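First comes the structure, then the notes that go with it.
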Amino acid sequence: MRPEQISFLLDQSIAGVYVLSGGRIAWVNARAAELVGCSAEDLMGRSFLDYVYPPDIPLVREKTASDEPYVVRAVHRDGRLIHVELHQRVTQLDGQEVITGVVLDVDARVRAEAAERHSDRRLRDVLETTQFLALLLDMQGRIEFCNDAVLRLAGYQREEMLGQDWFELCVPPEQREVRRNGYVEGLPDGTLNTHDEREVVIRSGEVRLVEWNVVPLRDADRRVCGSAAIGTDVTERRRAAEKLLHDAFHDPLTGLPNRALFIDRLEHRLALEKRRQDTMFSVLFVDVDRFKVINDSLGHVLGDQLLVEMGRRLVSCVRPGDTVARMGGDEFTILLEDVPERSEARDVADRLQESLGLPYWLGGHEVFSGASIGIAHGHGAYAQPQDILRDADIALYRAKARGRGRWVEFDASMHDRAVALLRLETDLRRALLREEFLLHYQPVISLRTGRITGAEALLRWQHPERGMVPPMDFIPLAEETGLIVPIGAWVLREACRQLKQWQRRAGLPSLEVSVNLSSGQFQGPGLLTDVAEVLRETGLSPRSLRLEVTESLLMEKDPQIARNMTELRSMGVRIDLDDFGTGYSSLAYLHQFPIDTLKIDRSFVQRIGETEEALEIVNTILALAQGLDMEVVAEGVENERQLQILRQLRCGYAQGYHLSRPMEGGRFEALLGEGRSWAA
C-alpha cells in the first residue's frame with residue numbers, strides 16, 4: 001500500500017493519530033486536528049505542549065516514555081478544555097527517535113464519572129446528616145456503610161462497624177440465626193421483608209426497637225448485590241404507646257384491669273361459652289360496704305389506700321387465671337373462669353367476705369370494712385357481657401338491700417328491674433311522638449382566643465311523670481332497643497337547625513356543633529342520606545357539623561363504618577373521637593379511620609393537676625395528635641388549675657363545668673350575645 005493511501009485511511013479514523021519528533025508535531029491526522037479545532041496543516045511543526053492545559057504539562061512529561069494510557073486536558077482553539085486519553089509509544093522512524101500516539105475524546109465519559117462521584121458525595125453527605133438510620137449491607141450481611149445516626153445509636157466507632165457482620169454485632173443472640181437466614185435467603189429471590197420493626201442490640205447491651213425500610217441494591221447487570229436500609233428508632237414511641245394503652249385499660253389507683261378490659265375479657269369468655277358447654281363461668285360484682293363513711297372521715301388519701309388493699313385481697317382469693325377488675329369508685333368485678341359447679345363461686349364469695357372483713361391499718365387507724373357481692377353465672381344465652389354484668393349488679397343491690405355484708409345469686413325471680421326497664425322502654429318509644437326530648441348545649445372554648453367556637457349537643461328527656469331523666473338512665477336502653485337511631489336522627493336535625501339559627505342571629509358563621517352518634521346510627525345504611533338531607537334542609541355548611549364517635553365503634557371492625565366515615569369527610573363533615581384513651585386498641589385504629597379531632601377523656605383531664613403520670617398521658621396524647629395533624633379537645637375541665645395546665649401544654653380546645661355547664665338553647669344564645677371570653 002502506498003504512503004498516500006495509508007495517510008488517507010488514517011484521516012478517516014475516528015481516533016486521532018499523531019507523530020512527534022523532538023517534541024513537535026511531525027504528522028497528524030484530521031481527527032487529532034479536529035479535537036483542538038485546527039487543521040492538520042495548522043498543527044505541523046507546532047509544539048505538542050502548546051495544546052496541553054498548562055497544569056497538566058508535568059503529567060505529559062512524566063508519562064511520555066511510558067506505555068500507560070493517561071488522561072489530560074487539551075486546549076481547544078476556542079479556549080474550551082477537552083479531556084483526552086493519550087496512548088503513546090517511543091519508536092524509531094528513518095533512524096530517528098519519534099513518539100507515535102493515539103488520542104481519544106473521553107470528555108463526555110470523564111465528566112459523567114465526575115458527576116457521578118459528585119452525586120455519590122452529595123448522597124453520602126445527605127445520609128450522614130439525616131436523622132434517619134442509614135445502612136448498606138452486602139449479600140452476607142456485612143456492613144459496607146453506616147451513617148452517624150447508626151453510630152450514635154449503636155455506640156460504636158465507624159471503624160468498629162465497617163466490614164463487620166451486622167447480625168453478629170447488632171442482633172439479639174436468640175434471633176441471629178433466623179434473621180440472618182431470612183436475609184441471606186430472601187434477598188436474592190425477592191422474599192425479604194422490606195418493612196418491619198426489629199430489635200437492635202447496642203454496645204451497652206440495651207435493646208432498641210427500629211422500624212426499617214429495606215430495598216435490594218443491584219449492580220450494572222441488575223443482579224442483587226446487597227441491600228440499603230433506612231430506619232427510625234421507635235423505642236420511645238412504642239413505650240409511650242404501650243404505656244398509654246396500658247393506662248387506658250388499667251385502673252390508675254390499684255393497677256387492676258378497668259371496666260374496658262374486663263368487658264373485653266368477658267366478651268371473649270361469652271364467645272367461648274357459645275362454642276363449648278363443658279364448663280361454666282361466674283361473674284361477681286363486689287361493692288365496698290361503708291366506703292363513703294371511711295372516705296369522708298379519714299380522707300381521700302386513706303380511702304384510696306383502702307381500695308388498693310382491697311384489690312390485693314381480692315386477687316389473693318382467686319386463681320391466677322381469673323380476672324379482678326376495678327369498675328370505678330368502690331366497685332370491683334371478678335370473672336371466675338371454668339367453674340365446675342356453682343357452689344365454687346359461692347365458696348369464693350365466702351373467702352372474699354372473710355378476707356375483706358379483716359381489719360385494715362390506714363395511717364395509724366384500725367378500720368373495719370366489708371363487701372356486698374352479687375353473683376351471676378354465665379351461660380350461652382347471654383348475648384353481651386353487659387347483660388351478665390347487669391344481672392350481677394341486680395344481685396348485688398339485692399344483697400345490699402338485705403343488709404350488706406352478704407352475697408346473693410341472681411335468679412329469674414329478680415324481675416322487678418326488668419319490669420321497670422320495660423316500662424321505661426315503652427315511655428321511650430312514645431317520647432319522640434310526644435316531643436319530650438330537648439337538647440342542652442355545652443360550649444367548646446378555644447384556649448388560644450378564649451372564645452366559644454362551638455357547642456356539644458347533649459340529649460335530655462323531660463318525662464311527664466319522672467321529670468328530667470338522666471341520659472345514663474335511658475340512652476343505654478335506647479341503644480339496646482334500637483330506638484337510638486330515630487332519636488339520634490332527631491338530635492342531628494334539631495342541632496343543625498338550632499346552629500344555623502345562631503349563626504344568622506349572632507353573625508358567627510364559623511360556629512360549630514358536635515353531635516354524638518351511636519353505633520346503631522353509624523352502621524345503619526341511611527346515615528349518609530340522613531346527614532345530607534339535614535344539611536340541605538337547614539342550609540348548614542358541612543364544615544359546621546362535627547360528628548362524635550366512640551372508640552368502641554371503631555372496634556367493631558365493620559367495613560361500613562370506615563366507608564361511612566370516608567364519605568362524611570368527603571362531604572366536609574368532621575369526625576371527632578370521643579372519650580379518647582378509654583377504649584380498646586385506640587392507637588391501632590387512628591391510622592385506619594379519618595379522624596379530625598381527639599377528645600381527651602375527662603378521667604385523664606381531672607387528674608392532670610394531681611399526678612405527674614396524668615400530665616404525661618395528656619402530653620403524650622397532645623404529641624400524638626400533633627404528629628397525626630389532629631385537633632384536641634380536653635373534656636371535663638373542672639377547675640382553673642386544669643385549665644392553666646392545658647394552656648401551657650398548648651391544648652387547642654376545652655369544655656367542662658369550670659368553663660360552662662350544659663344549658664338550654666336560649667341561654668346558650670344569650671351567652672353568645674354576651675361575647676364572653678375565657679382568655680388567660
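Please note that chains go A, B, ... in the order of the C-alpha cells, that every chain numbers its residues from 1, and that ligands are numbered from 1 in the order shown.
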
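Residues lying within 10 Å of A:Tyr360, counting only C-alpha atoms and ignoring same-chain neighbours fewer than 2 positions away, are Gln305, Leu306, Glu309, Met310, Leu356, Gly357, Leu358, Leu362, Gly363, Gly364, His365, Glu366, Val367, Phe368 and Ser369 of chain A.
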
Generate a file of the selected residues that holds N, CA, C and O atoms, formatted as a compact mmCIF listing (two decimals), in the first residue's frame.
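Now in selection-v7.txt:
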```txt
# COMPACT_ATOMS: atom_id res chain seq x y z
N GLN A 305 -56.05 4.24 99.82
CA GLN A 305 -55.23 3.13 100.35
C GLN A 305 -56.11 1.92 100.65
O GLN A 305 -55.69 0.77 100.44
N LEU A 306 -57.31 2.18 101.17
CA LEU A 306 -58.23 1.08 101.46
C LEU A 306 -58.59 0.34 100.17
O LEU A 306 -58.60 -0.90 100.14
N GLU A 309 -55.65 -1.84 99.02
CA GLU A 309 -55.51 -3.05 99.84
C GLU A 309 -56.64 -4.04 99.55
O GLU A 309 -56.42 -5.26 99.51
N MET A 310 -57.84 -3.54 99.33
CA MET A 310 -58.94 -4.43 98.99
C MET A 310 -58.68 -5.13 97.66
O MET A 310 -58.98 -6.32 97.51
N LEU A 356 -61.97 -9.68 103.20
CA LEU A 356 -62.25 -8.25 103.22
C LEU A 356 -62.73 -7.78 104.60
O LEU A 356 -62.64 -6.58 104.91
N GLY A 357 -63.24 -8.70 105.41
CA GLY A 357 -63.73 -8.33 106.74
C GLY A 357 -62.64 -8.19 107.77
O GLY A 357 -62.89 -7.70 108.88
N LEU A 358 -61.42 -8.63 107.48
CA LEU A 358 -60.30 -8.47 108.42
C LEU A 358 -59.95 -6.99 108.54
O LEU A 358 -60.18 -6.20 107.62
N LEU A 362 -54.79 1.93 108.34
CA LEU A 362 -54.69 3.06 107.41
C LEU A 362 -54.23 4.29 108.17
O LEU A 362 -54.99 4.87 108.96
N GLY A 363 -52.99 4.69 107.96
CA GLY A 363 -52.47 5.90 108.61
C GLY A 363 -52.56 5.85 110.12
O GLY A 363 -52.88 6.86 110.76
N GLY A 364 -52.31 4.67 110.69
CA GLY A 364 -52.38 4.53 112.14
C GLY A 364 -53.77 4.24 112.67
O GLY A 364 -53.95 4.07 113.88
N HIS A 365 -54.74 4.15 111.77
CA HIS A 365 -56.11 3.85 112.18
C HIS A 365 -56.46 2.40 111.85
O HIS A 365 -56.18 1.92 110.76
N GLU A 366 -57.08 1.72 112.81
CA GLU A 366 -57.60 0.39 112.54
C GLU A 366 -59.02 0.55 112.01
O GLU A 366 -59.88 1.10 112.68
N VAL A 367 -59.22 0.05 110.78
CA VAL A 367 -60.50 0.24 110.11
C VAL A 367 -61.09 -1.11 109.74
O VAL A 367 -60.37 -2.00 109.27
N PHE A 368 -62.39 -1.24 109.95
CA PHE A 368 -63.09 -2.46 109.53
C PHE A 368 -64.05 -2.11 108.40
O PHE A 368 -64.72 -1.09 108.43
N SER A 369 -64.07 -2.96 107.41
CA SER A 369 -64.99 -2.78 106.30
C SER A 369 -65.50 -4.15 105.89
O SER A 369 -65.37 -5.13 106.64
```

ask   = Which residues come within 6 Å of A:Val106, counting only C-alpha atoms, excluding same-chain residues fewer than 2 positions away, as a ChimeraX atom specification?
value = /A:83-84,108-109

ask   = Do you know which residues are at most 12 Å from stretch 91-95 of chain A counting only C-alpha atoms, after dropping those on the same chain fewer than 4 positions away, and could you put them as a PyMOL selection string?
value = chain A and resi 19-21+26+64-67+99-101

query = Would you give me, as a PyMOL selection string, the residues in stretch 511-612 of chain A that DSSP reads as helix (DSSP H, G or I)?
reply = chain A and resi 519-523+527-538+542-544+551-555+559-571+586-590+602-605+612

task = Kindly give the distance, in Å, that separates atom CA of A:Ser343 and atom CA of A:Val408, rounded to a single decimal.
result = 12.4 Å

Find the residues near A:Trp27: any atom within 12 Å, counting only C-alpha atoms, skip ones fewer than 6 places away on the same chain, and give them as a PDB file with N, CA, C and O atoms, in the first residue's frame.
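Contents of out24.pdb, as written:
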```pdb
ATOM      1  N   SER A   7      -2.008   7.350   4.555  1.00  0.00           N
ATOM      2  CA  SER A   7      -2.382   8.648   5.122  1.00  0.00           C
ATOM      3  C   SER A   7      -3.869   8.901   4.964  1.00  0.00           C
ATOM      4  O   SER A   7      -4.543   9.407   5.874  1.00  0.00           O
ATOM      5  N   LEU A  10      -5.778   6.776   7.517  1.00  0.00           N
ATOM      6  CA  LEU A  10      -5.645   7.307   8.881  1.00  0.00           C
ATOM      7  C   LEU A  10      -6.499   8.552   9.088  1.00  0.00           C
ATOM      8  O   LEU A  10      -7.011   8.800  10.181  1.00  0.00           O
ATOM      9  N   ASP A  11      -6.653   9.340   8.012  1.00  0.00           N
ATOM     10  CA  ASP A  11      -7.503  10.533   8.132  1.00  0.00           C
ATOM     11  C   ASP A  11      -8.966  10.168   8.345  1.00  0.00           C
ATOM     12  O   ASP A  11      -9.752  10.980   8.846  1.00  0.00           O
ATOM     13  N   GLY A  16      -7.764  10.063  16.913  1.00  0.00           N
ATOM     14  CA  GLY A  16      -6.700  10.950  16.468  1.00  0.00           C
ATOM     15  C   GLY A  16      -5.364  10.226  16.483  1.00  0.00           C
ATOM     16  O   GLY A  16      -5.082   9.453  17.401  1.00  0.00           O
ATOM     17  N   VAL A  17      -4.556  10.465  15.479  1.00  0.00           N
ATOM     18  CA  VAL A  17      -3.228   9.834  15.394  1.00  0.00           C
ATOM     19  C   VAL A  17      -2.212  10.948  15.127  1.00  0.00           C
ATOM     20  O   VAL A  17      -2.469  11.860  14.323  1.00  0.00           O
ATOM     21  N   TYR A  18      -1.065  10.851  15.798  1.00  0.00           N
ATOM     22  CA  TYR A  18      -0.046  11.891  15.603  1.00  0.00           C
ATOM     23  C   TYR A  18       1.335  11.263  15.749  1.00  0.00           C
ATOM     24  O   TYR A  18       1.504  10.171  16.314  1.00  0.00           O
ATOM     25  N   VAL A  19       2.343  12.002  15.239  1.00  0.00           N
ATOM     26  CA  VAL A  19       3.759  11.621  15.376  1.00  0.00           C
ATOM     27  C   VAL A  19       4.499  12.854  15.857  1.00  0.00           C
ATOM     28  O   VAL A  19       4.351  13.956  15.290  1.00  0.00           O
ATOM     29  N   LEU A  20       5.302  12.660  16.947  1.00  0.00           N
ATOM     30  CA  LEU A  20       6.080  13.756  17.498  1.00  0.00           C
ATOM     31  C   LEU A  20       7.561  13.497  17.244  1.00  0.00           C
ATOM     32  O   LEU A  20       8.044  12.373  17.423  1.00  0.00           O
ATOM     33  N   SER A  21       8.238  14.549  16.880  1.00  0.00           N
ATOM     34  CA  SER A  21       9.688  14.467  16.698  1.00  0.00           C
ATOM     35  C   SER A  21      10.294  15.673  17.385  1.00  0.00           C
ATOM     36  O   SER A  21       9.991  16.825  17.022  1.00  0.00           O
ATOM     37  N   ALA A  33      -6.438  16.768  14.676  1.00  0.00           N
ATOM     38  CA  ALA A  33      -6.510  18.218  14.499  1.00  0.00           C
ATOM     39  C   ALA A  33      -7.894  18.738  14.862  1.00  0.00           C
ATOM     40  O   ALA A  33      -8.047  19.815  15.455  1.00  0.00           O
ATOM     41  N   SER A  39      -6.744  22.623  11.637  1.00  0.00           N
ATOM     42  CA  SER A  39      -6.496  21.722  10.513  1.00  0.00           C
ATOM     43  C   SER A  39      -5.147  21.066  10.713  1.00  0.00           C
ATOM     44  O   SER A  39      -4.316  21.526  11.508  1.00  0.00           O
ATOM     45  N   ALA A  40      -4.917  19.984   9.960  1.00  0.00           N
ATOM     46  CA  ALA A  40      -3.640  19.283  10.088  1.00  0.00           C
ATOM     47  C   ALA A  40      -2.490  20.200   9.700  1.00  0.00           C
ATOM     48  O   ALA A  40      -1.410  20.180  10.326  1.00  0.00           O
ATOM     49  N   GLU A  41      -2.682  21.024   8.682  1.00  0.00           N
ATOM     50  CA  GLU A  41      -1.617  21.922   8.235  1.00  0.00           C
ATOM     51  C   GLU A  41      -1.264  22.936   9.318  1.00  0.00           C
ATOM     52  O   GLU A  41      -0.094  23.305   9.500  1.00  0.00           O
ATOM     53  N   ASP A  42      -2.319  23.391  10.099  1.00  0.00           N
ATOM     54  CA  ASP A  42      -2.058  24.372  11.163  1.00  0.00           C
ATOM     55  C   ASP A  42      -1.162  23.800  12.250  1.00  0.00           C
ATOM     56  O   ASP A  42      -0.392  24.531  12.903  1.00  0.00           O
ATOM     57  N   LEU A  43      -1.249  22.482  12.448  1.00  0.00           N
ATOM     58  CA  LEU A  43      -0.523  21.871  13.575  1.00  0.00           C
ATOM     59  C   LEU A  43       0.896  21.448  13.222  1.00  0.00           C
ATOM     60  O   LEU A  43       1.724  21.237  14.133  1.00  0.00           O
ATOM     61  N   MET A  44       1.186  21.290  11.967  1.00  0.00           N
ATOM     62  CA  MET A  44       2.502  20.774  11.576  1.00  0.00           C
ATOM     63  C   MET A  44       3.597  21.707  12.084  1.00  0.00           C
ATOM     64  O   MET A  44       3.575  22.926  11.871  1.00  0.00           O
ATOM     65  N   GLY A  45       4.558  21.095  12.796  1.00  0.00           N
ATOM     66  CA  GLY A  45       5.705  21.824  13.304  1.00  0.00           C
ATOM     67  C   GLY A  45       5.471  22.527  14.620  1.00  0.00           C
ATOM     68  O   GLY A  45       6.414  23.049  15.216  1.00  0.00           O
ATOM     69  N   ARG A  46       4.237  22.545  15.086  1.00  0.00           N
ATOM     70  CA  ARG A  46       3.966  23.203  16.368  1.00  0.00           C
ATOM     71  C   ARG A  46       4.338  22.295  17.532  1.00  0.00           C
ATOM     72  O   ARG A  46       4.359  21.067  17.419  1.00  0.00           O
ATOM     73  N   SER A  47       4.637  22.935  18.659  1.00  0.00           N
ATOM     74  CA  SER A  47       4.968  22.166  19.861  1.00  0.00           C
ATOM     75  C   SER A  47       3.720  21.441  20.365  1.00  0.00           C
ATOM     76  O   SER A  47       2.633  22.030  20.458  1.00  0.00           O
ATOM     77  N   PHE A  48       3.874  20.181  20.687  1.00  0.00           N
ATOM     78  CA  PHE A  48       2.754  19.380  21.204  1.00  0.00           C
ATOM     79  C   PHE A  48       2.177  19.982  22.481  1.00  0.00           C
ATOM     80  O   PHE A  48       0.977  19.980  22.707  1.00  0.00           O
ATOM     81  N   VAL A  98      11.187   8.876  17.501  1.00  0.00           N
ATOM     82  CA  VAL A  98       9.938   9.643  17.452  1.00  0.00           C
ATOM     83  C   VAL A  98       8.938   9.036  18.441  1.00  0.00           C
ATOM     84  O   VAL A  98       9.152   7.933  18.948  1.00  0.00           O
ATOM     85  N   ILE A  99       7.889   9.802  18.660  1.00  0.00           N
ATOM     86  CA  ILE A  99       6.782   9.318  19.526  1.00  0.00           C
ATOM     87  C   ILE A  99       5.535   9.221  18.671  1.00  0.00           C
ATOM     88  O   ILE A  99       5.125  10.205  18.042  1.00  0.00           O
ATOM     89  N   THR A 100       4.968   8.033  18.621  1.00  0.00           N
ATOM     90  CA  THR A 100       3.688   7.875  17.923  1.00  0.00           C
ATOM     91  C   THR A 100       2.579   7.813  18.974  1.00  0.00           C
ATOM     92  O   THR A 100       2.763   7.231  20.046  1.00  0.00           O
ATOM     93  N   GLY A 101       1.476   8.422  18.629  1.00  0.00           N
ATOM     94  CA  GLY A 101       0.411   8.477  19.628  1.00  0.00           C
ATOM     95  C   GLY A 101      -0.980   8.395  19.026  1.00  0.00           C
ATOM     96  O   GLY A 101      -1.193   8.738  17.869  1.00  0.00           O
ATOM     97  N   VAL A 102      -1.897   7.920  19.874  1.00  0.00           N
ATOM     98  CA  VAL A 102      -3.321   7.893  19.537  1.00  0.00           C
ATOM     99  C   VAL A 102      -4.043   8.712  20.608  1.00  0.00           C
ATOM    100  O   VAL A 102      -3.793   8.543  21.806  1.00  0.00           O
TER     101      VAL A 102
END
```

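Neighbours of stretch 519-534 of chain A closer than or equal to 8 Å, with only C-alpha atoms counted and sequence neighbours fewer than 3 positions away skipped, come out as Glu479, Gly482, Ile484, Val485, Gly488, Ala489, Leu492, Arg493, Cys496, Glu537, Thr538, Val549, Leu553, Asp558, Gln560, Ile561, Asn564, Glu567 and Leu568 of chain A.
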
Prev. selection, N, CA and C atoms, output as a compact mmCIF listing (two decimals), in the first residue's frame:
```txt
# COMPACT_ATOMS: atom_id res chain seq x y z
N GLU A 479 -80.11 2.42 73.01
CA GLU A 479 -79.17 1.71 72.15
C GLU A 479 -79.51 0.23 72.08
N GLY A 482 -82.62 -0.24 69.88
CA GLY A 482 -82.56 0.30 68.53
C GLY A 482 -83.25 1.64 68.38
N ILE A 484 -82.30 4.31 69.52
CA ILE A 484 -81.29 5.36 69.40
C ILE A 484 -81.19 5.89 67.98
N VAL A 485 -81.57 5.07 66.98
CA VAL A 485 -81.47 5.52 65.58
C VAL A 485 -82.47 6.64 65.29
N GLY A 488 -81.53 9.59 67.52
CA GLY A 488 -80.33 10.24 67.02
C GLY A 488 -80.59 11.09 65.79
N ALA A 489 -81.49 10.64 64.92
CA ALA A 489 -81.84 11.43 63.73
C ALA A 489 -82.49 12.74 64.14
N LEU A 492 -79.76 15.10 65.48
CA LEU A 492 -78.97 15.66 64.38
C LEU A 492 -79.72 16.82 63.72
N ARG A 493 -80.99 16.60 63.41
CA ARG A 493 -81.77 17.64 62.71
C ARG A 493 -81.97 18.87 63.59
N CYS A 496 -78.62 20.89 64.09
CA CYS A 496 -78.25 21.64 62.88
C CYS A 496 -79.18 22.83 62.67
N GLU A 537 -81.75 20.67 54.23
CA GLU A 537 -82.95 21.29 54.80
C GLU A 537 -82.61 22.53 55.63
N THR A 538 -81.58 22.43 56.42
CA THR A 538 -81.24 23.53 57.34
C THR A 538 -80.37 24.59 56.69
N VAL A 549 -67.81 10.06 67.55
CA VAL A 549 -67.93 8.61 67.66
C VAL A 549 -67.05 8.15 68.81
N LEU A 553 -66.91 1.98 68.83
CA LEU A 553 -67.43 1.87 67.47
C LEU A 553 -66.33 1.39 66.52
N ASP A 558 -66.47 -3.27 61.38
CA ASP A 558 -67.47 -3.31 60.31
C ASP A 558 -66.96 -2.41 59.18
N GLN A 560 -68.44 -1.08 56.87
CA GLN A 560 -69.36 0.01 56.58
C GLN A 560 -69.01 1.26 57.39
N ILE A 561 -68.42 1.06 58.57
CA ILE A 561 -68.05 2.20 59.42
C ILE A 561 -67.01 3.05 58.71
N ASN A 564 -68.54 4.85 55.70
CA ASN A 564 -69.37 5.99 56.09
C ASN A 564 -68.52 7.17 56.53
N GLU A 567 -66.97 8.84 53.48
CA GLU A 567 -67.96 9.60 52.72
C GLU A 567 -68.33 10.90 53.45
N LEU A 568 -68.48 10.82 54.76
CA LEU A 568 -68.80 12.03 55.53
C LEU A 568 -67.68 13.06 55.42
```

inquiry  = Can you tell me which residues surround A:His76 at a distance of at most 10 Å, considering only C-alpha atoms, apart from same-chain residues fewer than 4 positions away, and format the answer as a ChimeraX atom specification?
reply    = /A:33-38,51-53,80-82

task = Find the spatial neighbours of A:Leu458, counting only C-alpha atoms, within a cut-off of 7 Å - ignore same-chain residues fewer than 6 positions away - and output them as a ChimeraX atom specification.
result = /A:439-441

Contacts between stretch 628-652 of chain A and stretch 469-584 of chain A, please, where a residue of stretch 469-584 of chain A counts if it comes within 12 Å (with only C-alpha atoms); show its shortest atom pair and distance in Å to one decimal, rows by chain and ascending number, as a tab-separated table.
```
residue	atom	partner	partner_atom	distance
A:Ser514	CA	A:Val633	CA	11.6
A:Glu548	CA	A:Val633	CA	11.7
A:Arg574	CA	A:Glu631	CA	10.8
A:Ile575	CA	A:Met630	CA	10.4
A:Asp576	CA	A:Glu631	CA	8.9
A:Leu577	CA	A:Val632	CA	9.6
A:Asp578	CA	A:Glu635	CA	9.0
A:Asp579	CA	A:Glu635	CA	8.0
A:Phe580	CA	A:Ala634	CA	9.7
A:Gly581	CA	A:Ala634	CA	11.7
```

As a compact mmCIF listing (two decimals) with N, CA and C atoms, in the first residue's frame, list the residues of stretch 416-529 of chain A assigned to strand (DSSP E or B) by DSSP on the backbone atoms of this structure.
```txt
# COMPACT_ATOMS: atom_id res chain seq x y z
N PHE A 437 -88.27 15.16 74.14
CA PHE A 437 -86.82 15.33 74.12
C PHE A 437 -86.46 16.80 73.90
N LEU A 438 -85.35 17.20 74.45
CA LEU A 438 -84.80 18.53 74.19
C LEU A 438 -83.28 18.43 74.23
N LEU A 439 -82.63 19.47 73.74
CA LEU A 439 -81.16 19.48 73.70
C LEU A 439 -80.63 20.55 74.62
N HIS A 440 -79.58 20.20 75.33
CA HIS A 440 -78.76 21.18 76.04
C HIS A 440 -77.44 21.29 75.29
N TYR A 441 -76.79 22.43 75.46
CA TYR A 441 -75.56 22.68 74.71
C TYR A 441 -74.45 23.09 75.68
N GLN A 442 -73.31 22.39 75.56
CA GLN A 442 -72.15 22.77 76.37
C GLN A 442 -71.12 23.44 75.48
N PRO A 443 -70.72 24.67 75.82
CA PRO A 443 -69.77 25.40 74.96
C PRO A 443 -68.42 24.69 74.86
N VAL A 444 -67.82 24.78 73.68
CA VAL A 444 -66.44 24.36 73.44
C VAL A 444 -65.63 25.64 73.27
N ILE A 445 -64.56 25.79 74.07
CA ILE A 445 -63.80 27.04 74.13
C ILE A 445 -62.43 26.86 73.49
N SER A 446 -62.03 27.83 72.67
CA SER A 446 -60.66 27.86 72.13
C SER A 446 -59.73 28.37 73.23
N ILE A 452 -65.86 31.15 72.38
CA ILE A 452 -66.66 29.96 72.07
C ILE A 452 -66.51 29.66 70.57
N THR A 453 -66.11 28.44 70.26
CA THR A 453 -66.01 28.03 68.85
C THR A 453 -67.16 27.13 68.44
N GLY A 454 -67.87 26.60 69.41
CA GLY A 454 -68.96 25.70 69.08
C GLY A 454 -69.59 25.14 70.34
N ALA A 455 -70.37 24.11 70.18
CA ALA A 455 -71.05 23.50 71.32
C ALA A 455 -71.27 22.02 71.04
N GLU A 456 -71.30 21.24 72.13
CA GLU A 456 -71.68 19.83 72.02
C GLU A 456 -73.15 19.72 72.38
N ALA A 457 -73.92 19.11 71.47
CA ALA A 457 -75.35 18.92 71.70
C ALA A 457 -75.55 17.69 72.59
N LEU A 458 -76.26 17.87 73.70
CA LEU A 458 -76.47 16.80 74.68
C LEU A 458 -77.96 16.55 74.83
N LEU A 459 -78.35 15.29 74.70
CA LEU A 459 -79.76 14.91 74.72
C LEU A 459 -80.31 14.88 76.15
N ARG A 460 -81.50 15.43 76.33
CA ARG A 460 -82.20 15.39 77.61
C ARG A 460 -83.63 14.89 77.38
N TRP A 461 -84.20 14.23 78.41
CA TRP A 461 -85.56 13.71 78.30
C TRP A 461 -86.39 14.29 79.44
N GLN A 462 -87.38 15.08 79.09
CA GLN A 462 -88.30 15.65 80.07
C GLN A 462 -89.52 14.73 80.17
N HIS A 463 -89.44 13.77 81.10
CA HIS A 463 -90.51 12.79 81.26
C HIS A 463 -91.70 13.45 81.96
N GLY A 467 -90.00 13.61 85.48
CA GLY A 467 -89.20 14.82 85.36
C GLY A 467 -88.03 14.60 84.41
N MET A 468 -86.94 15.33 84.67
CA MET A 468 -85.77 15.23 83.80
C MET A 468 -85.06 13.90 84.05
N VAL A 469 -85.06 13.02 83.05
CA VAL A 469 -84.43 11.69 83.19
C VAL A 469 -82.96 11.80 82.78
N GLU A 512 -69.63 26.02 65.37
CA GLU A 512 -69.80 24.60 65.05
C GLU A 512 -70.67 23.92 66.11
N VAL A 513 -71.22 22.77 65.75
CA VAL A 513 -71.95 21.95 66.70
C VAL A 513 -71.46 20.51 66.59
N SER A 514 -71.31 19.87 67.76
CA SER A 514 -70.89 18.47 67.81
C SER A 514 -72.08 17.61 68.20
N VAL A 515 -72.30 16.55 67.45
CA VAL A 515 -73.43 15.64 67.69
C VAL A 515 -72.88 14.24 67.88
N ASN A 516 -73.27 13.59 68.98
CA ASN A 516 -72.83 12.23 69.25
C ASN A 516 -73.63 11.24 68.40
```

remark   = note - atom CA of A:Gln131 and atom CA of A:Ile617 are separated by 26.1 Å

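The space between atom CA of A:Val618 and atom CA of A:Leu447 spans 15.4 Å.
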